There are 2 protein chains.
Amino acid sequence: MNIPQTSLPRVVIVGGGFAGLALAKGLEKKEVQVVLLDKHNYHTFQPLLYQVATGGLEPDSIAFPIRKLFNNLKYYHFRLAEVLKIHSEKNEIETSIGNLEYDYLVLATGSKTNFFGNKNIEKHAMEMKSIPQSLNIRSLVLENFEEALLTSDFEERKALMNFIIVGGGPTGVELAGALAEMKKGILPKDYPDLDIREMQINLVQGSNRLIDAMSAKASEKAEDFLADLGVNIWKNLRVTNYDGDRVTTNTDETFKAATVIWAAGVQGETVDGLEAQCIVERANRLKVDAFNKIIGYKNIFAIGDVASMTSENNPYGHPMMAQPALQQGKLLAKNILAELKSKPLEPFVYNDKGSMATIGRNKAVVDLPKWKFQGVFAWFVWMFVHLFSLIGFRNRVIVFLNWVYNYIRFDRESRLIIRPFKIKNNQSFK
Amino acid sequence: MNIPQTSLPRVVIVGGGFAGLALAKGLEKKEVQVVLLDKHNYHTFQPLLYQVATGGLEPDSIAFPIRKLFNNLKYYHFRLAEVLKIHSEKNEIETSIGNLEYDYLVLATGSKTNFFGNKNIEKHAMEMKSIPQSLNIRSLVLENFEEALLTSDFEERKALMNFIIVGGGPTGVELAGALAEMKKGILPKDYPDLDIREMQINLVQGSNRLIDAMSAKASEKAEDFLADLGVNIWKNLRVTNYDGDRVTTNTDETFKAATVIWAAGVQGETVDGLEAQCIVERANRLKVDAFNKIIGYKNIFAIGDVASMTSENNPYGHPMMAQPALQQGKLLAKNILAELKSKPLEPFVYNDKGSMATIGRNKAVVDLPKWKFQGVFAWFVWMFVHLFSLIGFRNRVIVFLNWVYNYIRFDRESRLIIRPFKIKNNQSFK
């Protein structure tokens with residue numbers, strides 16, 4: 001790989017998500033060379049993917065070109081590449097565009113969908129971890145409606161208008177809410193020839209409450225909000241298979257549905273070449289110490305979703321969300337600089353700022369450490385926080401205007417079938 | 001096809017471009033049933049495709065969901081379908097989703113790229129007639145730059161940074177200007193490791209002046225503007241072949257280039273099943289009379305790019321642009337309603353409102369019937385006209401804000417490689 005050789009120590013960051021970019025930012029204008037690798041040339045603001053999937057936002061407004069963040073930074077290099085293997089004995093990585101030596105290697109590779117080994121579900125269900133995947137969902141929802149118009153077979157039409165969202169975490173809840181708002185607002189107007197009551201949105205949760213990482217009050221309210229919007233909520237139900245036609249579960253319950261969206265689990269996106277004992281099997285995450293250093297390595301780190309930093313009070317590691325990623329990236333920048341000056345490192349302490357989820361128009365739930373609230377005010381807080389977490393002034397303005405427009409007009413105008421004709425199984429475009 | 005049977009005469013419109021939508025609008029709330037068929041579920045504002053291709057705009061802002069235009073119109077039906085054949089003897093069309101009878105059939109199918117039979121060029125060159133194609137160009141330009149970073153072979157790098165635009169009409173000129181602005185503004189900042197002087201933009205025109213449908217003054221100024229921006233202009237040069245690597249011409253001149261964008265010609269997008277004698281061979285357009293009725297048929301019309309309405313003063317038909325399409329669509333609505341009432345029809349007279357092209361920041365050329373001007377004021381006129389021709393309030397606001405932002409910041413932020421990895425030859429995604 002054509003990266004200039006300098007006398008500066010080289011920090012190679014794999015992944016331009018929240019963690020990777022926070023680290024890169026922390027190293028700005030310091031005495032290091034930074035090489036960031038990602039398989040996309042843009043950062044994705046994952047918390048708003050569901051709005052791209054449901055026509056509320058354009059993909060460009062929740063993405064940001066990584067190179068733009070590096071403009072005018074002298075020792076920063078971005079490369080569009082996939083990392084294939086780590087050769088830690090040579091301090092080198094193997095990538096799709098050649099090999100690269102590092103002084104420090106930081107894996108900020110994030111997470112991918114966890115199908116728990118079920119190949120059928122992986123083949124037939126939709127996932128929503130990237131912008132192309134979100135556009136696939138958007139296209140499929142609309143294509144199913146177009147197709148529903150064409151059939152006079154009641155069973156077939158019902159299946160085309162039946163949406164199964166598996167997983168009652170924040171992603172599943174937000175997506176179910178947004179689909180329910182499409183059912184209320186746009187779809188009956190766009191498809192007056194269909195009976196919109198035939199559209200069913202089913203949210204299937206394995207445990208006994210929705211968003212079970214949040215407070216009981218938040219779960220309860222989220223459930224109320226979704227029920228108000230007409231979403232069918234299934235608790236203590238686990239999807240066991242989906243053949244593209246019928247969903248089976250661990251009970252007698254089955255669903256005939258043309259669309260299954262799998263939001264029931266994520267796992268770390270690890271890279272080949274690390275010792276097996278540093279990988280946590282359950283979630284495919286990398287065991288790190290309190291400084292995010294991967295157990296057993298001196299100069300290889302993991303931050304964000306892919307890192308599992310456990311303690312007595314925290315046996316499963318931090319939640320796979322933006323906040324720990326941002327905080328770990330920020331601290332690791334300081335620690336790398338400290339290590340270079342042979343100064344003591346600072347252990348990571350997670351500052352849980354709370355969590356939130358939006359269900360729909362005027363409906364959100366917020367858990368702050370000292371205050372939990374739900375409803376309209378929570379919704380405004382949710383919007384405010386997400387707007388200011390977006391990268392880029394232009395993105396904030398465009399998203400804000402879209403939200404104002406959608407709110408006033410009860411509309412979502414980005415409903416283009418732009419990745420057309422049932423391409424959900426076309427893996428090459430993920 | 002599941003279209004409700006009514007006692008109203010059925011007008012089937014094929015194509016949701018400028019012509020088709022103008023016709024549909026003219027028939028609103030009249031005593032007809034309207035069925036509009038299109039292979040996309042959105043209208044594309046083609047004059048701004050080049051801005052999507054060059055990162056200035058998101059695709060959603062120049063597209064509009066067709067169904068939204070039909071909201072609350074009782075006897076209007078949209079179907080996502082491709083028309084395969086006309087069976088005029090049965091007053092029926094065959095489509096990808098079944099057959100449909102019509103009382104009046106209107107082909108507003110527009111135009112497609114004309115490669116003049118050259119299969120090599122068709123295979124290797126990019127075209128820009130649809131949103132996916134524009135996104136392909138955007139991705140390819142950026143992918144080539146990413147790839148150029150990786151090679152130390154000077155010849156290979158030069159080819160990756162060499163852009164050949166074939167055709168010096170408005171499309172070619174606007175695209176060349178926008179690429180030149182990328183070269184000036186964004187690319188050197190995003191790719192500091194590359195020597196931007198190695199990037200070459202070549203605009204190849206077969207005749208002896210650019211945009212030769214406009215005034216001599218406009219051509220001259222457009223050429224000056226492009227030269228100022230550093231575009232290499234080749235006149236009286238015709239591209240004869242492109243094998244994906246080398247462009248050959250009708251002279252000794254050849255170019256080694258990884259990107260060729262073909263904007264050298266369009267042809268009508270006809271439908272099978274019409275008599276051969278109603279097709280103009282040269283441009284694959286359909287011969288129509290002064291009422292846009294296809295020669296030899298009683299109830300089949302063609303409007304817009306696909307229609308060729310000739311007269312002594314106008315031997316080649318009207319220009320394949322938005323204005324004739326809009327005007328023909330509007331008039332045909334009146335004429336169909338007149339025919340239903342057995343009233344006399346009004347022949348079409350083209351009201352040439354003028355034409356314009358933008359080359360870049362503060363640089364445009366405008367030919368009005370009585371006034372031709374160029375430069376900053378022309379640029380403002382161009383922006384104003386295009387902004388108000390867009391469909392939808394939201395689109396206008398978003399495009400306007402993007403333009404203000406791009407103007408102030410000398411930036412184009414929509415530079416996501418969203419259809420990645422050299423997919424130009426993947427026909428299935430066009």
# chains A, B, ... in the order shown; residues from 1 in each chain; ligands from 1
>>> interface_residues(of="chain A", to="chain B", cutoff="6 Å", atoms="only C-alpha atoms", output="PyMOL selection string")
chain A and resi 2+60+67+71+150+189-190+414
>>> write_last_selection(atoms="N, CA, C and O atoms", output="PDB file, in the first residue's frame")
ATOM      1  N   ASN A   2       0.470   2.212  -0.809  1.00  0.00           N
ATOM      2  CA  ASN A   2       1.282   3.422  -0.994  1.00  0.00           C
ATOM      3  C   ASN A   2       1.140   4.458   0.116  1.00  0.00           C
ATOM      4  O   ASN A   2       0.655   5.555  -0.131  1.00  0.00           O
ATOM      5  N   ASP A  60     -27.788  10.216   1.856  1.00  0.00           N
ATOM      6  CA  ASP A  60     -26.664  11.143   1.957  1.00  0.00           C
ATOM      7  C   ASP A  60     -26.699  11.976   3.229  1.00  0.00           C
ATOM      8  O   ASP A  60     -25.665  12.444   3.691  1.00  0.00           O
ATOM      9  N   ARG A  67     -13.090  11.231   3.867  1.00  0.00           N
ATOM     10  CA  ARG A  67     -11.971  12.060   3.409  1.00  0.00           C
ATOM     11  C   ARG A  67     -12.156  13.526   3.783  1.00  0.00           C
ATOM     12  O   ARG A  67     -11.187  14.242   4.016  1.00  0.00           O
ATOM     13  N   ASN A  71      -9.473  16.401   5.503  1.00  0.00           N
ATOM     14  CA  ASN A  71      -8.951  17.533   4.717  1.00  0.00           C
ATOM     15  C   ASN A  71      -8.022  18.364   5.583  1.00  0.00           C
ATOM     16  O   ASN A  71      -8.336  18.690   6.721  1.00  0.00           O
ATOM     17  N   LEU A 150     -51.409  -6.317  -7.552  1.00  0.00           N
ATOM     18  CA  LEU A 150     -51.573  -7.110  -8.765  1.00  0.00           C
ATOM     19  C   LEU A 150     -52.287  -8.431  -8.545  1.00  0.00           C
ATOM     20  O   LEU A 150     -52.661  -9.104  -9.485  1.00  0.00           O
ATOM     21  N   LYS A 189     -52.783   6.601   1.202  1.00  0.00           N
ATOM     22  CA  LYS A 189     -52.943   7.619   0.149  1.00  0.00           C
ATOM     23  C   LYS A 189     -52.316   7.140  -1.149  1.00  0.00           C
ATOM     24  O   LYS A 189     -52.865   7.343  -2.229  1.00  0.00           O
ATOM     25  N   ASP A 190     -51.138   6.509  -1.034  1.00  0.00           N
ATOM     26  CA  ASP A 190     -50.444   6.057  -2.244  1.00  0.00           C
ATOM     27  C   ASP A 190     -51.114   4.842  -2.867  1.00  0.00           C
ATOM     28  O   ASP A 190     -50.997   4.624  -4.071  1.00  0.00           O
ATOM     29  N   SER A 414     -39.126  10.526   0.636  1.00  0.00           N
ATOM     30  CA  SER A 414     -38.042   9.771   0.008  1.00  0.00           C
ATOM     31  C   SER A 414     -38.473   8.336  -0.238  1.00  0.00           C
ATOM     32  O   SER A 414     -37.859   7.414   0.262  1.00  0.00           O
TER      33      SER A 414
END
>>> residues_around(residues="Glu275 (chain B)", least_positions_apart="5", cutoff="10 Å", atoms="only C-alpha atoms", output="PyMOL selection string")
chain B and resi 88+295-297
>>> atom_distance(atom1="CA of Leu229 (chain B)", atom2="CA of Asp245 (chain B)")
25.6 Å
>>> closest_residue(among="A:Met320, A:Met356, A:Leu326, A:Leu135", to="Ala22 (chain A)", atoms="only C-alpha atoms")
A:Leu326
>>> residues_around(residues="Gly20 (chain A)", least_positions_apart="4", cutoff="9 Å", atoms="only C-alpha atoms", output="list in words")
Ile13, Val14, Gly15, Gly16, Ala24, Lys25, Leu36, Val106, Leu107, Ala108, Thr109, Ile303, Gly304, Ala325, Leu326 and Gly329 of chain A
>>> write_last_selection(atoms="N, CA and C atoms", output="PDB file, in the first residue's frame")
ATOM      1  N   ILE A  13      -6.028   2.534  11.918  1.00  0.00           N
ATOM      2  CA  ILE A  13      -7.374   2.360  12.467  1.00  0.00           C
ATOM      3  C   ILE A  13      -8.227   1.641  11.432  1.00  0.00           C
ATOM      4  N   VAL A  14      -8.856   0.560  11.842  1.00  0.00           N
ATOM      5  CA  VAL A  14      -9.712  -0.177  10.914  1.00  0.00           C
ATOM      6  C   VAL A  14     -11.170   0.120  11.250  1.00  0.00           C
ATOM      7  N   GLY A  15     -11.822   0.894  10.408  1.00  0.00           N
ATOM      8  CA  GLY A  15     -13.232   1.199  10.617  1.00  0.00           C
ATOM      9  C   GLY A  15     -13.462   2.670  10.908  1.00  0.00           C
ATOM     10  N   GLY A  16     -14.373   3.277  10.146  1.00  0.00           N
ATOM     11  CA  GLY A  16     -14.683   4.698  10.308  1.00  0.00           C
ATOM     12  C   GLY A  16     -16.043   4.925  10.939  1.00  0.00           C
ATOM     13  N   ALA A  24      -9.504   8.954  15.677  1.00  0.00           N
ATOM     14  CA  ALA A  24      -8.783   9.756  14.685  1.00  0.00           C
ATOM     15  C   ALA A  24      -8.816  11.231  15.073  1.00  0.00           C
ATOM     16  N   LYS A  25      -9.958  11.652  15.551  1.00  0.00           N
ATOM     17  CA  LYS A  25     -10.091  13.058  15.950  1.00  0.00           C
ATOM     18  C   LYS A  25      -9.145  13.377  17.116  1.00  0.00           C
ATOM     19  N   LEU A  36      -6.474   5.390   8.201  1.00  0.00           N
ATOM     20  CA  LEU A  36      -7.788   4.830   8.481  1.00  0.00           C
ATOM     21  C   LEU A  36      -8.259   4.027   7.271  1.00  0.00           C
ATOM     22  N   VAL A 106      -5.534  -0.522  15.591  1.00  0.00           N
ATOM     23  CA  VAL A 106      -6.769  -0.397  16.359  1.00  0.00           C
ATOM     24  C   VAL A 106      -7.930  -0.936  15.540  1.00  0.00           C
ATOM     25  N   LEU A 107      -8.576  -1.951  16.067  1.00  0.00           N
ATOM     26  CA  LEU A 107      -9.741  -2.510  15.382  1.00  0.00           C
ATOM     27  C   LEU A 107     -10.995  -1.806  15.885  1.00  0.00           C
ATOM     28  N   ALA A 108     -11.597  -1.056  14.986  1.00  0.00           N
ATOM     29  CA  ALA A 108     -12.849  -0.364  15.309  1.00  0.00           C
ATOM     30  C   ALA A 108     -13.852  -0.815  14.270  1.00  0.00           C
ATOM     31  N   THR A 109     -13.915  -2.122  14.105  1.00  0.00           N
ATOM     32  CA  THR A 109     -14.631  -2.723  12.982  1.00  0.00           C
ATOM     33  C   THR A 109     -16.136  -2.844  13.212  1.00  0.00           C
ATOM     34  N   ILE A 303     -11.786  -1.193  19.917  1.00  0.00           N
ATOM     35  CA  ILE A 303     -12.689  -0.220  20.543  1.00  0.00           C
ATOM     36  C   ILE A 303     -14.067  -0.330  19.911  1.00  0.00           C
ATOM     37  N   GLY A 304     -15.064   0.099  20.672  1.00  0.00           N
ATOM     38  CA  GLY A 304     -16.435   0.097  20.144  1.00  0.00           C
ATOM     39  C   GLY A 304     -17.086  -1.272  20.232  1.00  0.00           C
ATOM     40  N   ALA A 325     -18.516   3.465  22.276  1.00  0.00           N
ATOM     41  CA  ALA A 325     -17.587   3.565  21.140  1.00  0.00           C
ATOM     42  C   ALA A 325     -16.911   4.938  21.122  1.00  0.00           C
ATOM     43  N   LEU A 326     -17.715   5.972  21.220  1.00  0.00           N
ATOM     44  CA  LEU A 326     -17.182   7.338  21.212  1.00  0.00           C
ATOM     45  C   LEU A 326     -16.212   7.549  22.371  1.00  0.00           C
ATOM     46  N   GLY A 329     -12.935   5.530  21.950  1.00  0.00           N
ATOM     47  CA  GLY A 329     -12.087   6.116  20.910  1.00  0.00           C
ATOM     48  C   GLY A 329     -11.354   7.337  21.433  1.00  0.00           C
TER      49      GLY A 329
END
>>> atom_distance(atom1="CA of Phe380 (chain B)", atom2="CA of Asn232 (chain B)")
25.7 Å
>>> closest_residue(among="A:Ser308, A:Thr6, A:Asn335, A:Asn241", to="Phe115 (chain A)", atoms="only C-alpha atoms")
A:Asn241
>>> select_by_dssp(residues="region 114-220 of chain A", states="alpha helix (DSSP H)", output="MDAnalysis selection string")
chainID A and resid 119:124 131:148 154:160 170:184 187:190 216:220
>>> select_by_dssp(residues="region 48-253 of chain B", states="strand (DSSP E or B)", output="ChimeraX atom specification")
/B:63-65,76-80,83-87,92-95,98-101,104-107,111-113,126,162-166,200-204,232-234,239-242,246-249
